[in-house]
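Structure first, then comments.
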Amino acid sequence: MPADQTELNTSEIHRERAKSGIDVVQVAAMSAIPWLLHGFSTRRGGVSSVYSGSHEAEDLNLGFTEADDKANVVTNRERFLEAVTRDPGFPLITVRQVHSAVVKILVSADADSNLGPADGMITAEAGVLLGIQTADCIPVLVADRRRRVVGAFHAGWRGTVKRIVEDGIGRMRAEFGSGPEDLVAAIGPGIGQCCYGVGEEVRSEFASQFSYAAALFREAGTGESRRAHLDLVEANRQQLLDAGLAPSAISAVGECTGCRTDRYFSYRAERGSTGRMLSVIGVKPA
């Protein structure tokens with residue numbers, strides 16, 4: 001870990017709220033904001049069975065994957081949206097995620113439900129949720145407590161090395177005047193350093209971009225299986241700090257999707273045959 005930085009705040013910062021069999025993971029700092037909606041899904045409480053390893057319908061797959069039936073995903077999304085907002089038809093905006101640093105600005109709640117290729121979204125519009133899909137990559141949600149602006153960012157290693165979170169907060173500042181002192185952030189469930197072995201090319205990419213890159217990696221394994229393991233959560237926390245957020249304003253769920261396939265989808269642990277979680281944030285309608 002880079003010098004002079006505190007550990008990730010994972011104690012007493014997240015809670016689960018079950019509704020109709022759906023678990024919604026929420027961080028306390030965001031739940032305390034009266035006008036804010038947010039939540040991270042798990043894989044529990046849905047009607048999909050294709051990824052469960054049994055014929056029982058139980059998975060909450062929220063991505064329109066090739067293997068799952070579209071009607072199942074629609075039902076799953078309605079269940080999750082109802083758990084977060086109490087309205088199964090609450091407007092949800094997504095993007096076609098391409099591991100980029102592209103951030104779109106949603107200027108109208110009446111916009112199309114998919115903003116095209118991007119990996120981040122920002123809006124000040126009330127009555128709409130921004131949604132990021134993940135199955136190992138790191139979802140980062142940000143809220144401006146003063147100006148009622150929200151952002152959602154998809155940070156795999158490629159997006160992280162391109163500084164999507166740091167640049168996204170820069171866009172919030174440029175477009176809406178958001179000051180870092182007014183921001184709170186939540187880092188959702190994603191693959192932990194324990195399970196994320198990467199190649200030397202990834203380490204080189206980070207070393208070329210960040211002065212603290214060496215602290216993001218540790219060696220694991222023995223012999224030919226020895227590999228560098230990347231801490232994507234810490235990498236994105238560093239970007240939030242570099243964007244000006246105080247350490248106390250950053251919360252992390254702190255669960256590894258690779259370790260907890262009973263609870264989350266993991267593309268790596270399940271060898272590509274898996275569903276998707278949704279991480280959502282929005283401003284409550286007036």
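Naming works like this for the structure tokens: A, B, ... for the chains as they're shown, residue 1 at the start of each chain, ligands 1 onward in shown order.
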Sorted by chain and rising residue number, which residues of stretch 117-175 of chain A lie within 12 Å of stretch 22-33 of chain A, and what are their closest atom pairs and distances in Å to one decimal, counting only C-alpha atoms, as CSV?
residue,atom,partner,partner_atom,distance
A:Val140,CA,A:Val27,CA,11.8
A:Leu141,CA,A:Met30,CA,9.6
A:Val142,CA,A:Met30,CA,9.1
A:Ala143,CA,A:Met30,CA,7.9
A:Asp144,CA,A:Ile33,CA,10.1
A:Arg145,CA,A:Ile33,CA,7.4
A:Arg146,CA,A:Ile33,CA,10.4
A:Arg148,CA,A:Ile33,CA,9.9
A:Val150,CA,A:Met30,CA,11.1
May I have the residues from that selection written out with C-alpha atoms, as a PDB file, in the first residue's frame?
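Result written to part.pdb:
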ATOM      1  CA  VAL A 140     -17.411   2.444  -8.321  1.00  0.00           C
ATOM      2  CA  LEU A 141     -20.345   4.679  -7.376  1.00  0.00           C
ATOM      3  CA  VAL A 142     -19.902   8.379  -6.543  1.00  0.00           C
ATOM      4  CA  ALA A 143     -22.351  10.958  -5.213  1.00  0.00           C
ATOM      5  CA  ASP A 144     -22.062  14.724  -4.775  1.00  0.00           C
ATOM      6  CA  ARG A 145     -23.935  15.405  -1.525  1.00  0.00           C
ATOM      7  CA  ARG A 146     -24.237  19.137  -2.242  1.00  0.00           C
ATOM      8  CA  ARG A 148     -27.100  15.996  -6.176  1.00  0.00           C
ATOM      9  CA  VAL A 150     -24.146  10.912  -9.254  1.00  0.00           C
TER      10      VAL A 150
END
For stretch 126-206 of chain A against stretch 101-122 of chain A, with a cut-off of 12 Å and counting only C-alpha atoms, what is the closest atom pair and its distance in Å to one decimal for every residue that makes the cut, ordered by chain and number, as CSV?
residue,atom,partner,partner_atom,distance
A:Ala126,CA,A:Ala109,CA,7.2
A:Gly127,CA,A:Ala109,CA,6.9
A:Val128,CA,A:Ala109,CA,6.0
A:Leu129,CA,A:Ala109,CA,9.1
A:Leu130,CA,A:Met121,CA,6.8
A:Gly131,CA,A:Met121,CA,8.5
A:Ile132,CA,A:Asp119,CA,7.9
A:Gln133,CA,A:Asp119,CA,9.6
A:Thr134,CA,A:Asp119,CA,11.0
A:Cys137,CA,A:Asp119,CA,11.3
A:Ile138,CA,A:Asp119,CA,11.3
A:Pro139,CA,A:Gly120,CA,9.8
A:Val140,CA,A:Gly120,CA,9.3
A:Leu141,CA,A:Gly120,CA,9.8
A:Val142,CA,A:Ile122,CA,9.1
A:Ala143,CA,A:Ile122,CA,9.6
A:Asp144,CA,A:Ile122,CA,10.7
A:Arg148,CA,A:Ile122,CA,10.9
A:Val149,CA,A:Ile122,CA,7.2
A:Val150,CA,A:Ile122,CA,5.7
A:Gly151,CA,A:Ile122,CA,4.3
A:Ala152,CA,A:Met121,CA,5.4
A:Phe153,CA,A:Gly120,CA,4.3
A:His154,CA,A:Asp119,CA,5.2
A:Ala155,CA,A:Asp119,CA,7.7
A:Gly156,CA,A:Asp119,CA,9.6
A:Trp157,CA,A:Ala101,CA,11.1
A:Arg158,CA,A:Ala101,CA,8.5
A:Gly159,CA,A:Ala101,CA,5.6
A:Thr160,CA,A:Ala101,CA,8.2
A:Val161,CA,A:Ala101,CA,9.1
A:Lys162,CA,A:Ala101,CA,5.9
A:Arg163,CA,A:Ala101,CA,6.7
A:Ile164,CA,A:Ala101,CA,4.6
A:Val165,CA,A:Gly120,CA,8.2
A:Glu166,CA,A:Ala101,CA,9.7
A:Asp167,CA,A:Ala101,CA,7.7
A:Gly168,CA,A:Val103,CA,6.4
A:Ile169,CA,A:Ile122,CA,9.1
A:Gly170,CA,A:Val103,CA,10.4
A:Arg171,CA,A:Val103,CA,8.0
A:Met172,CA,A:Ile122,CA,7.1
A:Arg173,CA,A:Ile122,CA,10.8
A:Ala174,CA,A:Ile105,CA,11.4
A:Glu175,CA,A:Ile105,CA,8.7
A:Phe176,CA,A:Ile122,CA,9.6
A:Ser178,CA,A:Ile122,CA,11.4
I need the chosen residues saved as a CSV table (one decimal), in the first residue's frame, with N, CA and C atoms.
chain,number,residue,atom,x,y,z
A,126,ALA,N,-33.1,13.6,-11.8
A,126,ALA,CA,-33.8,12.8,-10.8
A,126,ALA,C,-34.7,11.7,-11.5
A,127,GLY,N,-34.9,10.7,-10.8
A,127,GLY,CA,-35.9,9.7,-11.3
A,127,GLY,C,-35.3,8.7,-12.3
A,128,VAL,N,-34.0,8.4,-12.3
A,128,VAL,CA,-33.4,7.5,-13.1
A,128,VAL,C,-32.2,6.9,-12.4
A,129,LEU,N,-31.9,5.6,-12.7
A,129,LEU,CA,-30.8,4.9,-12.1
A,129,LEU,C,-29.7,4.7,-13.2
A,130,LEU,N,-28.4,4.9,-12.9
A,130,LEU,CA,-27.3,4.6,-13.7
A,130,LEU,C,-26.9,3.2,-13.3
A,131,GLY,N,-26.7,2.3,-14.3
A,131,GLY,CA,-26.3,0.9,-13.9
A,131,GLY,C,-25.1,0.4,-14.6
A,132,ILE,N,-24.2,-0.2,-13.8
A,132,ILE,CA,-22.9,-0.8,-14.3
A,132,ILE,C,-23.0,-2.3,-14.1
A,133,GLN,N,-22.7,-3.1,-15.1
A,133,GLN,CA,-22.7,-4.5,-15.0
A,133,GLN,C,-21.3,-5.0,-14.8
A,134,THR,N,-21.2,-6.0,-13.8
A,134,THR,CA,-19.9,-6.6,-13.5
A,134,THR,C,-20.0,-8.0,-13.2
A,137,CYS,N,-15.0,-7.3,-12.5
A,137,CYS,CA,-14.5,-5.9,-12.5
A,137,CYS,C,-15.0,-5.1,-11.4
A,138,ILE,N,-14.4,-4.0,-11.1
A,138,ILE,CA,-14.7,-3.2,-9.9
A,138,ILE,C,-15.8,-2.1,-10.3
A,139,PRO,N,-16.9,-2.1,-9.6
A,139,PRO,CA,-17.9,-1.0,-9.8
A,139,PRO,C,-17.6,0.1,-8.8
A,140,VAL,N,-17.6,1.3,-9.2
A,140,VAL,CA,-17.4,2.4,-8.3
A,140,VAL,C,-18.6,3.4,-8.5
A,141,LEU,N,-19.2,3.7,-7.4
A,141,LEU,CA,-20.3,4.7,-7.4
A,141,LEU,C,-19.9,5.9,-6.6
A,142,VAL,N,-20.3,7.1,-7.1
A,142,VAL,CA,-19.9,8.4,-6.5
A,142,VAL,C,-21.1,9.3,-6.5
A,143,ALA,N,-21.2,10.0,-5.4
A,143,ALA,CA,-22.4,11.0,-5.2
A,143,ALA,C,-21.8,12.3,-4.7
A,144,ASP,N,-22.3,13.4,-5.2
A,144,ASP,CA,-22.1,14.7,-4.8
A,144,ASP,C,-23.2,15.1,-3.8
A,148,ARG,N,-26.2,17.1,-5.8
A,148,ARG,CA,-27.1,16.0,-6.2
A,148,ARG,C,-26.7,15.5,-7.6
A,149,VAL,N,-25.5,15.2,-7.7
A,149,VAL,CA,-24.9,14.6,-9.0
A,149,VAL,C,-24.4,13.2,-8.6
A,150,VAL,N,-24.6,12.3,-9.5
A,150,VAL,CA,-24.1,10.9,-9.3
A,150,VAL,C,-23.3,10.4,-10.4
A,151,GLY,N,-22.4,9.5,-10.2
A,151,GLY,CA,-21.7,8.8,-11.2
A,151,GLY,C,-21.5,7.4,-10.9
A,152,ALA,N,-21.4,6.6,-12.0
A,152,ALA,CA,-21.2,5.1,-11.9
A,152,ALA,C,-20.1,4.7,-12.9
A,153,PHE,N,-19.1,4.0,-12.5
A,153,PHE,CA,-18.0,3.7,-13.3
A,153,PHE,C,-17.6,2.2,-13.2
A,154,HIS,N,-17.3,1.6,-14.4
A,154,HIS,CA,-16.9,0.2,-14.6
A,154,HIS,C,-15.4,0.2,-14.7
A,155,ALA,N,-14.7,-0.4,-13.7
A,155,ALA,CA,-13.2,-0.4,-13.7
A,155,ALA,C,-12.6,-1.8,-13.6
A,156,GLY,N,-12.4,-2.3,-14.8
A,156,GLY,CA,-11.6,-3.5,-14.9
A,156,GLY,C,-10.1,-3.0,-15.0
A,157,TRP,N,-9.2,-3.9,-15.2
A,157,TRP,CA,-7.8,-3.4,-15.2
A,157,TRP,C,-7.5,-2.4,-16.3
A,158,ARG,N,-8.2,-2.6,-17.5
A,158,ARG,CA,-7.9,-1.7,-18.6
A,158,ARG,C,-8.5,-0.3,-18.3
A,159,GLY,N,-9.7,-0.3,-17.8
A,159,GLY,CA,-10.3,1.0,-17.4
A,159,GLY,C,-9.6,1.7,-16.3
A,160,THR,N,-9.1,0.9,-15.3
A,160,THR,CA,-8.4,1.4,-14.2
A,160,THR,C,-7.0,2.0,-14.6
A,161,VAL,N,-6.3,1.4,-15.5
A,161,VAL,CA,-5.0,1.9,-15.9
A,161,VAL,C,-5.2,3.1,-16.8
A,162,LYS,N,-6.4,3.3,-17.4
A,162,LYS,CA,-6.8,4.5,-18.2
A,162,LYS,C,-7.4,5.6,-17.3
A,163,ARG,N,-7.5,5.3,-16.0
A,163,ARG,CA,-7.9,6.3,-15.0
A,163,ARG,C,-9.4,6.7,-15.2
A,164,ILE,N,-10.3,5.7,-15.4
A,164,ILE,CA,-11.7,6.0,-15.6
A,164,ILE,C,-12.3,6.7,-14.4
A,165,VAL,N,-12.0,6.3,-13.2
A,165,VAL,CA,-12.6,6.9,-12.0
A,165,VAL,C,-12.1,8.3,-11.8
A,166,GLU,N,-10.8,8.4,-11.9
A,166,GLU,CA,-10.2,9.8,-11.6
A,166,GLU,C,-10.6,10.7,-12.7
A,167,ASP,N,-10.7,10.3,-14.0
A,167,ASP,CA,-11.1,11.2,-15.0
A,167,ASP,C,-12.6,11.4,-14.9
A,168,GLY,N,-13.4,10.4,-14.5
A,168,GLY,CA,-14.8,10.6,-14.3
A,168,GLY,C,-15.2,11.7,-13.3
A,169,ILE,N,-14.4,11.7,-12.2
A,169,ILE,CA,-14.7,12.7,-11.2
A,169,ILE,C,-14.3,14.1,-11.7
A,170,GLY,N,-13.2,14.1,-12.6
A,170,GLY,CA,-12.9,15.3,-13.2
A,170,GLY,C,-14.0,15.8,-14.1
A,171,ARG,N,-14.7,14.9,-14.8
A,171,ARG,CA,-15.9,15.3,-15.6
A,171,ARG,C,-17.0,15.9,-14.7
A,172,MET,N,-17.2,15.3,-13.5
A,172,MET,CA,-18.2,15.8,-12.6
A,172,MET,C,-17.9,17.2,-12.2
A,173,ARG,N,-16.6,17.4,-12.0
A,173,ARG,CA,-16.2,18.8,-11.6
A,173,ARG,C,-16.4,19.8,-12.7
A,174,ALA,N,-16.0,19.4,-13.9
A,174,ALA,CA,-16.1,20.3,-15.1
A,174,ALA,C,-17.5,20.5,-15.5
A,175,GLU,N,-18.4,19.5,-15.5
A,175,GLU,CA,-19.7,19.6,-16.0
A,175,GLU,C,-20.7,20.2,-14.9
A,176,PHE,N,-20.5,19.9,-13.7
A,176,PHE,CA,-21.5,20.2,-12.6
A,176,PHE,C,-20.9,21.0,-11.5
A,178,SER,N,-18.8,19.9,-9.2
A,178,SER,CA,-18.6,19.1,-8.0
A,178,SER,C,-17.2,19.3,-7.4
Problem - Residues of stretch 68-262 of chain A in helix (DSSP H, G or I), written as a ChimeraX atom specification - result: /A:70-85,157-161,164-176,180-182,200-209,213-216,223-225,232-242,247-249
Exercise for the section: Report the distance between atom CA of A:Leu62 and atom CA of A:Val233 in Å, rounded to one decimal place. Expected result: 22.4 Å
Exercise for the section: Please measure the separation of atom CA of A:Glu181 and atom CA of A:Leu37, giving the value in Å to one decimal. Expected result: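 Between atom CA of A:Glu181 and atom CA of A:Leu37 the gap is 20.3 Å.
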Which polymer residues have any atom within 12 Å of an atom of A:Ser204, counting only C-alpha atoms, with same-chain residues fewer than 6 positions away left out, as a compact mmCIF listing (two decimals) with N, CA and C atoms, in the first residue's frame?
# COMPACT_ATOMS: atom_id res chain seq x y z
N VAL A 161 -6.30 1.35 -15.49
CA VAL A 161 -5.02 1.91 -15.94
C VAL A 161 -5.23 3.14 -16.81
N VAL A 198 -2.23 -11.86 -12.70
CA VAL A 198 -2.14 -11.21 -14.01
C VAL A 198 -0.76 -11.41 -14.62
N PHE A 210 1.49 4.85 -12.97
CA PHE A 210 1.29 5.23 -11.58
C PHE A 210 2.58 5.09 -10.78
N SER A 211 2.91 6.11 -10.03
CA SER A 211 4.11 6.07 -9.20
C SER A 211 4.00 5.04 -8.09
N ALA A 213 2.51 2.09 -8.40
CA ALA A 213 2.12 0.82 -9.01
C ALA A 213 2.69 -0.39 -8.27
N ALA A 214 3.93 -0.32 -7.81
CA ALA A 214 4.55 -1.48 -7.16
C ALA A 214 3.76 -1.95 -5.95
N LEU A 216 0.65 -2.05 -5.62
CA LEU A 216 -0.61 -2.68 -6.01
C LEU A 216 -0.46 -4.17 -6.32
N PHE A 217 0.77 -4.66 -6.34
CA PHE A 217 1.02 -6.04 -6.73
C PHE A 217 1.72 -6.81 -5.61
N ALA A 228 2.09 -12.41 -10.52
CA ALA A 228 1.77 -11.16 -9.83
C ALA A 228 0.27 -11.08 -9.65
N LEU A 230 -2.87 -8.52 -8.67
CA LEU A 230 -3.20 -7.09 -8.70
C LEU A 230 -4.35 -6.77 -7.75
Problem - Picked from stretch 105-166 of chain A by DSSP as strand (DSSP E), as a PyMOL selection string - result: chain A and resi 105-106+114-117+120-123+128-134+138-144+149-155
How close does each residue of stretch 206-271 of chain A get to stretch 38-44 of chain A, giving the shortest atom pair and distance in Å to one decimal for every residue with an atom at most 9 Å away, counting only C-alpha atoms, sorted by chain and residue number, as a tab-separated table?
residue	atom	partner	partner_atom	distance
A:Thr261	CA	A:Arg43	CA	8.5
A:Asp262	CA	A:Arg43	CA	7.8
A:Arg263	CA	A:Arg43	CA	5.6
A:Tyr264	CA	A:Arg43	CA	5.1
A:Phe265	CA	A:Arg43	CA	6.3
Problem - Contact residues around A:Tyr196 with only C-alpha atoms at 9 Å, ignoring same-chain residues under 3 positions, as a PyMOL selection string - result: chain A and resi 191-193+228-232+258+268
Problem - For atom CA of A:Pro247 and atom CA of A:Gly190, the interatomic separation in Å (one decimal) - result: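 Distance reported for this atom pair: 19.6 Å.
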Fill in the blank from the handout: Counting only C-alpha atoms, the residue among A:Pro285, A:Tyr51, A:Pro180, A:Ala243 that lies closest to A:Phe90 is A:Pro285
Problem - Near-A:Leu245 list (10 Å; only C-alpha atoms; drop same-chain fewer than 2 positions) as a PyMOL selection string - result: chain A and resi 169+179-185+237-243+247-250
Print the selection's residues with C-alpha atoms to a file, as a compact mmCIF listing (two decimals), in the first residue's frame.
# COMPACT_ATOMS: atom_id res chain seq x y z
CA ILE A 169 -14.66 12.70 -11.17
CA GLY A 179 -15.99 19.69 -5.36
CA PRO A 180 -14.11 16.67 -3.99
CA GLU A 181 -14.94 17.72 -0.43
CA ASP A 182 -18.62 17.07 -1.20
CA LEU A 183 -18.15 13.61 -2.74
CA VAL A 184 -18.69 10.18 -1.24
CA ALA A 185 -17.73 6.98 -3.04
CA ARG A 237 -9.20 3.85 -4.03
CA GLN A 238 -5.96 5.59 -4.98
CA GLN A 239 -7.69 7.24 -7.92
CA LEU A 240 -10.44 8.49 -5.62
CA LEU A 241 -7.79 9.91 -3.28
CA ASP A 242 -5.93 11.51 -6.19
CA ALA A 243 -9.23 13.07 -7.28
CA PRO A 247 -10.12 8.59 2.93
CA SER A 248 -13.14 8.68 5.25
CA ALA A 249 -15.41 9.44 2.26
CA ILE A 250 -14.51 6.16 0.53
Exercise for the section: Give me the residues within 8 Å of A:Pro88 as a PyMOL selection string, counting only C-alpha atoms and dropping any in the same chain fewer than 6 places off. Expected result: chain A and resi 77-82
